[in-house]
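Reading through the structure tokens given below for one structure.
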Amino acid sequence: MWRTSSGWGSTMSGSDRGAPGAVTPKPGTETRIRFDVPDMDCPSCVAKIRGHLQRVDGVLEVDGSPVARTLTVAWDADRLDQDRVRTEVGRLGYEAWPRDGGPAPPPPSTWAGRQARIAYASAALFALGLLARFLLPAEPILVLPLADLGVADLLFVASALVGGWNFFPKGVLAARALALDMNFLMTVAILGALAIGETMEAAAIAFLFALAELLESYAVDRARTSVDALLELAPETARRVGPDGQERTVPASALEPGDVVAVRPGERIPADGRVAEGRSAVDESPITGESLPVDKQPGDPAFAGTINREGYLRVRVDRPVEESTLARIVRLVEAAEGRRTRAERFVDRFARWYTPAITLGALLVVAVPTLLLGAPFEPWFVRGLTLLVIACPCALVISTPVAVVSGVTAAARHGVLIKGGTYLEALGEVRVVALDKTGTLTFGRPRVVELVPADGVDPDQLLARAAAVEGRSQHPLARAVVERADARSLPRPWRVTDFESLPGRGALARLDGVEVRVGRPEMLDLAGSEPTPVVEGGRTAVGVAEGGTLLGWILLADRARDAAHDAVKGLREAGVERIVMLTGDQAEAGEVVGRALGVDEVRSRLLPEDKVDAVEELEARYGPVAMVGDGVNDAPALAAATVGVAMGAMGTDAALETADVALMGDDLTRLPYVRRLALRARRVIRQNIAAAILVKAVLAVGVPLGWVSLVTAVVVGDLGVSLAVTLNALRLGSVEEDGRRGSPGEYRGPMMTDPLPEPERP
């Protein structure tokens, strides 16, 4: 079964802003629209909106991304419309803009937006209040039933009200919905402190909590910036070559498949396509992470966002800019946070009972001493408010998503596409790595190295008949046979009919009505028992039979990738317990490669379904398994493994669609890197969760004993922990490769066998 990604290109329809061409949803159909929500900047915001919309009759599905600040909603058009959805989101204090109705107002920078201005104003008023407290006489200028307020007190009240303006309205909405979220808890804490005259404490809570929220937004913005930086690699304009050969500058978004664009030295390629004219070296590091420029000539693929280093190129566009490999990588990185890790699910479950439990504890802290023991009300009321502050789960909720986004974007910058936090987490738990041979450990470009014709059979006829059948196959062995026949200019005059490809076995067809089979010995359907030739040095034998009679054997050889040996060694150093090679080749060919690379086990002569069985058996025996393959022939095994890792550059579309992880540069040295990144991410996530829970627990125990003040609860329990888990998560961006990268000629495995010499030309 093919595993396909989710979260790409949601269907978007409808607009209420009067944009030309706006689409009206058809009654009786499911409508799915992606909204921009500029103020939705934290995971708790997404959870709140999702929970509210899921209770609205007619809403079918809700998904949101605080990194992209987008909300995707699907609803039944018979019961809801776009206006109602936007109204429901607006009831929570957020504004939603449909993506296809025109661009939403861009979110301001973290330090210049509305949230930041409120924090600055609250901080200024708080500072003025402190000055007034120490410099001015404490004479009341406003007498209230519960307190007498002086100048300092009034400044503190203003600081509290201004600082709380970010969450007061949302706290009221939460109270009406009976939701114990952070906005409700902070609203109660600030207003409660003001009610008993603790003006400085109320102002400190508001100011420090506003600062904590600002730092949380900064953490998410840091992750968002790294994602946006990927998309900004693609140029906004392109030089389109017209029918007259003239170059005209057009928006890159206007390019269509079939257009030809000119790319001068130093410019970025604007869209995916293939080189139509020219030769150059192209820096593909934005897509594949490859540090060395890649030589390009006519027919070679070219990716949007890559840099033409030397010559002049003309590239024929294959797909629109919004469907380029770069754009799809960005969408997948944005969608990655939607695949929640076990740690995130644990945090959600924990927060569901933690916040109500602490809130109940706060009520008991106030009620029991004052009502049952006759203790004074005010100090115990303050302690109850302090527990409410501790009950806010912000630091706990943000601890995992920021780490996931930081890790996924760091991997993308190194040419590794991870489709979700759950796969990043799983990579850290993998104990066995299963590696396909052809196209993964080897280059997957075998060459014909020897012909072994049967008695009385001309070698050229053997090769020509095989090429006639294999001409319709895309298998690497088939292409090698055809290339060899073309190199020898062998005619293939037969009419080819009834072609059939047998995955993992070979192919057959009728040449002028006579059946010819090419492939493994067991599928040749020979009339008699014919011996298989002895193969050495990692060669693969392909048999050719006509009408049940053996015509001979074609021997082919591949060679190991330069980085394969280092990748296997690096995986061991990164803690992988067992490395297994799975191949459909004969045992001798597989063993030669396996010994050269130092794998623990080689399993040969495996059909696609056999690889699935092997992966399942390894998982049952040893634990989580990562399967690494080419993303096409190995798709069933990739889907069966705990984590499927595809070699991306040889078949980028298939790799992106099929696997959980794609090595965009076909560079095996990325495997140890991403393993180390996953291990670090797992440690960071556990550290963050443990720190958040431990600090909250210690503070909660200290509050009834009078050891923790309101200000301490905010500074340590919210601001401090939020800042600590954020900075800890952002460290994932510094996990680097170890630099061991193969170079051409550095390592050549034993499959490097010289091909047949070209025939002499008269």
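Every chain in the structure tokens takes a letter, A first, then B, and so on in the order presented; its residues are numbered from 1, and the ligands are numbered from 1 following the presented order.
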Name the residues in contact with Glu515 of chain A at a cut-off of 9 Å, using only C-alpha atoms, excluding same-chain residues fewer than 3 positions from it; report them as JSON, numbers by chain. {"A": [498, 508, 509, 510, 511, 512, 545, 546, 547, 548]}
Those same residues, written as a short mmCIF file (atom, residue, chain, number, x, y, z; two decimals), in the first residue's frame with C-alpha atoms?
data_model
loop_
_atom_site.label_atom_id
_atom_site.label_comp_id
_atom_site.auth_asym_id
_atom_site.auth_seq_id
_atom_site.Cartn_x
_atom_site.Cartn_y
_atom_site.Cartn_z
CA ASP A 498 1.87 -8.25 -25.22
CA LEU A 508 8.20 -10.66 -21.11
CA ALA A 509 6.82 -9.74 -24.53
CA ARG A 510 6.17 -11.22 -27.96
CA LEU A 511 8.64 -10.39 -30.74
CA ASP A 512 6.88 -11.04 -34.06
CA ALA A 545 14.79 -17.14 -23.18
CA GLU A 546 12.87 -17.41 -26.46
CA GLY A 547 10.00 -19.87 -26.71
CA GLY A 548 11.25 -21.83 -23.71
#
Could you please write out, as a ChimeraX atom specification, every residue of segment 120-293 of chain A that DSSP assigns to alpha helix (DSSP H)? /A:120-135,151-163,168-176,182-195,199-231,285-288
Put those residues in a file: C-alpha atoms, as a compact mmCIF listing (two decimals), in the first residue's frame.
# COMPACT_ATOMS: atom_id res chain seq x y z
CA TYR A 120 5.72 47.89 26.67
CA ALA A 121 2.94 50.13 28.00
CA SER A 122 2.30 47.85 30.97
CA ALA A 123 6.03 47.74 31.74
CA ALA A 124 6.31 51.56 31.59
CA LEU A 125 3.35 52.04 33.92
CA PHE A 126 4.72 49.39 36.29
CA ALA A 127 8.13 51.15 36.37
CA LEU A 128 6.46 54.50 37.04
CA GLY A 129 4.46 52.88 39.85
CA LEU A 130 7.65 51.59 41.46
CA LEU A 131 9.20 55.06 41.27
CA ALA A 132 6.10 56.60 42.76
CA ARG A 133 6.06 54.02 45.56
CA PHE A 134 9.59 54.96 46.63
CA LEU A 135 9.67 58.69 45.81
CA VAL A 151 -0.45 57.60 42.99
CA ALA A 152 1.63 54.44 42.90
CA ASP A 153 -1.45 52.27 43.33
CA LEU A 154 -3.24 54.00 40.47
CA LEU A 155 -0.22 53.47 38.22
CA PHE A 156 -0.14 49.82 39.21
CA VAL A 157 -3.86 49.49 38.47
CA ALA A 158 -3.32 51.06 35.05
CA SER A 159 -0.39 48.71 34.42
CA ALA A 160 -2.52 45.70 35.37
CA LEU A 161 -5.46 46.73 33.19
CA VAL A 162 -3.26 47.56 30.20
CA GLY A 163 -1.16 44.41 30.54
CA PHE A 168 -9.30 39.93 29.49
CA PRO A 169 -11.77 39.65 26.55
CA LYS A 170 -10.70 36.06 25.87
CA GLY A 171 -10.97 35.29 29.59
CA VAL A 172 -14.58 36.48 29.60
CA LEU A 173 -15.33 34.30 26.57
CA ALA A 174 -13.65 31.35 28.27
CA ALA A 175 -15.75 31.88 31.38
CA ARG A 176 -18.93 31.91 29.33
CA MET A 182 -4.90 30.53 30.64
CA ASN A 183 -6.87 33.66 29.74
CA PHE A 184 -9.54 32.84 32.32
CA LEU A 185 -6.99 31.97 35.01
CA MET A 186 -4.96 35.15 34.48
CA THR A 187 -8.10 37.30 34.38
CA VAL A 188 -9.26 35.89 37.72
CA ALA A 189 -5.79 36.28 39.25
CA ILE A 190 -5.37 39.93 38.19
CA LEU A 191 -8.89 41.06 39.05
CA GLY A 192 -8.76 39.16 42.34
CA ALA A 193 -5.49 40.85 43.32
CA LEU A 194 -6.93 44.25 42.44
CA ALA A 195 -10.09 43.52 44.42
CA THR A 199 -2.13 46.51 43.19
CA MET A 200 1.60 45.95 42.77
CA GLU A 201 1.13 42.16 42.63
CA ALA A 202 -1.69 42.54 40.08
CA ALA A 203 0.47 44.79 37.91
CA ALA A 204 3.41 42.39 38.18
CA ILE A 205 1.22 39.46 37.12
CA ALA A 206 -0.15 41.36 34.11
CA PHE A 207 3.19 42.77 32.97
CA LEU A 208 5.20 39.57 33.46
CA PHE A 209 2.54 37.39 31.90
CA ALA A 210 2.34 39.74 28.90
CA LEU A 211 6.12 39.42 28.63
CA ALA A 212 5.86 35.62 28.81
CA GLU A 213 3.27 35.65 26.03
CA LEU A 214 5.56 37.87 23.98
CA LEU A 215 8.46 35.43 24.40
CA GLU A 216 6.19 32.55 23.44
CA SER A 217 5.20 34.40 20.26
CA TYR A 218 8.88 35.05 19.58
CA ALA A 219 9.63 31.34 19.83
CA VAL A 220 6.91 30.50 17.33
CA ASP A 221 8.03 33.37 15.08
CA ARG A 222 11.58 32.00 15.11
CA ALA A 223 10.26 28.68 13.84
CA ARG A 224 8.03 30.47 11.32
CA THR A 225 10.93 32.57 10.07
CA SER A 226 12.97 29.47 9.32
CA VAL A 227 10.05 28.08 7.30
CA ASP A 228 9.46 31.36 5.46
CA ALA A 229 13.18 31.55 4.65
CA LEU A 230 12.82 28.34 2.64
CA LEU A 231 10.02 29.79 0.51
CA SER A 285 21.85 23.06 -1.32
CA PRO A 286 18.49 24.82 -0.70
CA ILE A 287 16.68 21.66 -1.86
CA THR A 288 19.04 18.74 -1.31
Atom pair atom CA of Asp610 of chain A / atom CA of Leu638 of chain A: separation (Å):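 One can read the atom CA of Asp610 of chain A to atom CA of Leu638 of chain A distance as 12.5 Å.
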Enumerate, as a ChimeraX atom specification, the complete set of residues in segment 237-329 of chain A that a backbone-based DSSP assignment places in strand (DSSP E or B). /A:237-241,247-251,260-263,268,273-277,280-283,294-296,301-302,307-308,313-317
Go ahead and dump the residues you just picked, C-alpha atoms, as a PDB file, in the first residue's frame.
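Written output follows (result-v9.pdb):
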ATOM      1  CA  THR A 237      10.444  37.287 -11.099  1.00  0.00           C
ATOM      2  CA  ALA A 238      11.687  35.256 -14.054  1.00  0.00           C
ATOM      3  CA  ARG A 239      13.143  35.926 -17.501  1.00  0.00           C
ATOM      4  CA  ARG A 240      10.667  34.216 -19.827  1.00  0.00           C
ATOM      5  CA  VAL A 241      11.961  33.505 -23.340  1.00  0.00           C
ATOM      6  CA  GLU A 247      13.752  37.633 -22.749  1.00  0.00           C
ATOM      7  CA  ARG A 248      10.980  39.405 -20.865  1.00  0.00           C
ATOM      8  CA  THR A 249      10.774  39.799 -17.081  1.00  0.00           C
ATOM      9  CA  VAL A 250       7.507  38.398 -15.705  1.00  0.00           C
ATOM     10  CA  PRO A 251       6.280  37.423 -12.215  1.00  0.00           C
ATOM     11  CA  VAL A 260      11.236  28.500 -21.176  1.00  0.00           C
ATOM     12  CA  VAL A 261      13.091  30.730 -18.725  1.00  0.00           C
ATOM     13  CA  ALA A 262      16.615  32.114 -18.947  1.00  0.00           C
ATOM     14  CA  VAL A 263      18.846  31.883 -15.876  1.00  0.00           C
ATOM     15  CA  ARG A 268      18.118  31.505  -8.847  1.00  0.00           C
ATOM     16  CA  GLY A 273      11.843  22.068 -14.885  1.00  0.00           C
ATOM     17  CA  ARG A 274      14.555  20.563 -17.071  1.00  0.00           C
ATOM     18  CA  VAL A 275      17.542  22.180 -18.689  1.00  0.00           C
ATOM     19  CA  ALA A 276      16.677  22.918 -22.310  1.00  0.00           C
ATOM     20  CA  GLU A 277      19.894  24.658 -23.305  1.00  0.00           C
ATOM     21  CA  SER A 280      26.476  25.008 -15.822  1.00  0.00           C
ATOM     22  CA  ALA A 281      27.102  24.060 -12.197  1.00  0.00           C
ATOM     23  CA  VAL A 282      24.056  24.596  -9.979  1.00  0.00           C
ATOM     24  CA  ASP A 283      24.043  24.994  -6.202  1.00  0.00           C
ATOM     25  CA  VAL A 294      25.942  19.843  -9.406  1.00  0.00           C
ATOM     26  CA  ASP A 295      26.825  19.867 -13.109  1.00  0.00           C
ATOM     27  CA  LYS A 296      23.804  20.404 -15.357  1.00  0.00           C
ATOM     28  CA  PRO A 301      16.262  18.318 -13.783  1.00  0.00           C
ATOM     29  CA  ALA A 302      16.380  21.788 -12.222  1.00  0.00           C
ATOM     30  CA  ILE A 307      21.423  28.900  -7.818  1.00  0.00           C
ATOM     31  CA  ASN A 308      23.055  28.893 -11.224  1.00  0.00           C
ATOM     32  CA  LEU A 313      20.960  28.157 -18.808  1.00  0.00           C
ATOM     33  CA  ARG A 314      17.547  27.940 -20.349  1.00  0.00           C
ATOM     34  CA  VAL A 315      15.101  25.830 -18.379  1.00  0.00           C
ATOM     35  CA  ARG A 316      11.788  24.435 -19.629  1.00  0.00           C
ATOM     36  CA  VAL A 317       9.204  24.726 -16.841  1.00  0.00           C
TER      37      VAL A 317
END
Tell me, as a list in words, which residues lie within 9 Å of Glu378 of chain A, counting only C-alpha atoms; anything in the same chain fewer than 5 positions away does not count. Ile196, Val366 and Arg383 of chain A
Shell around Glu429 of chain A at 12 Å using only C-alpha atoms, local window under 5 positions removed, as JSON, numbers by chain: {"A": [422, 423, 424, 574, 575, 576, 577, 619, 622, 623, 624, 625, 626, 642, 643, 675, 676, 677, 678, 679, 680, 681, 682, 683]}
Writer output for current selection, C-alpha atoms, as an mmCIF file, in the first residue's frame:
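out_26.cif written:
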data_model
loop_
_atom_site.group_PDB
_atom_site.id
_atom_site.type_symbol
_atom_site.label_atom_id
_atom_site.label_comp_id
_atom_site.auth_asym_id
_atom_site.auth_seq_id
_atom_site.Cartn_x
_atom_site.Cartn_y
_atom_site.Cartn_z
ATOM 1 C CA THR A 422 5.752 11.774 15.222
ATOM 2 C CA TYR A 423 8.345 10.588 12.681
ATOM 3 C CA LEU A 424 11.068 12.716 14.243
ATOM 4 C CA ALA A 574 24.443 7.107 16.481
ATOM 5 C CA GLY A 575 23.179 4.094 18.422
ATOM 6 C CA VAL A 576 21.520 1.904 15.775
ATOM 7 C CA GLU A 577 21.836 -1.682 17.022
ATOM 8 C CA GLU A 619 10.291 -5.175 13.967
ATOM 9 C CA TYR A 622 14.258 -6.185 17.589
ATOM 10 C CA GLY A 623 11.852 -3.255 17.858
ATOM 11 C CA PRO A 624 11.201 -0.127 15.733
ATOM 12 C CA VAL A 625 12.601 -0.358 12.186
ATOM 13 C CA ALA A 626 13.510 2.370 9.691
ATOM 14 C CA THR A 642 8.016 2.237 11.683
ATOM 15 C CA VAL A 643 9.629 5.024 9.650
ATOM 16 C CA ARG A 675 19.326 10.032 13.675
ATOM 17 C CA ARG A 676 21.396 12.316 15.934
ATOM 18 C CA LEU A 677 18.867 15.112 15.437
ATOM 19 C CA ALA A 678 16.028 12.771 16.433
ATOM 20 C CA LEU A 679 17.884 11.623 19.550
ATOM 21 C CA ARG A 680 18.552 15.232 20.539
ATOM 22 C CA ALA A 681 14.911 16.192 19.853
ATOM 23 C CA ARG A 682 13.679 13.351 22.043
ATOM 24 C CA ARG A 683 15.973 14.469 24.866
#
Using only C-alpha atoms, which residues sit within 9 Å of Gln687 of chain A once same-chain residues fewer than 6 positions away are excluded, as a PyMOL selection string? chain A and resi 399+725+728
Within 7 Å of segment 444-448 of chain A, counting only C-alpha atoms, which residues qualify if same-chain residues fewer than 5 places away don't, as a list in words?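 Here the qualifying residues turn out to be Thr438, Gly439, Pro476, Leu477, Ala480, Val481, Arg484, Ile554, Leu555, Leu556, Ala557, Asp558, Pro755 and Leu756 of chain A.
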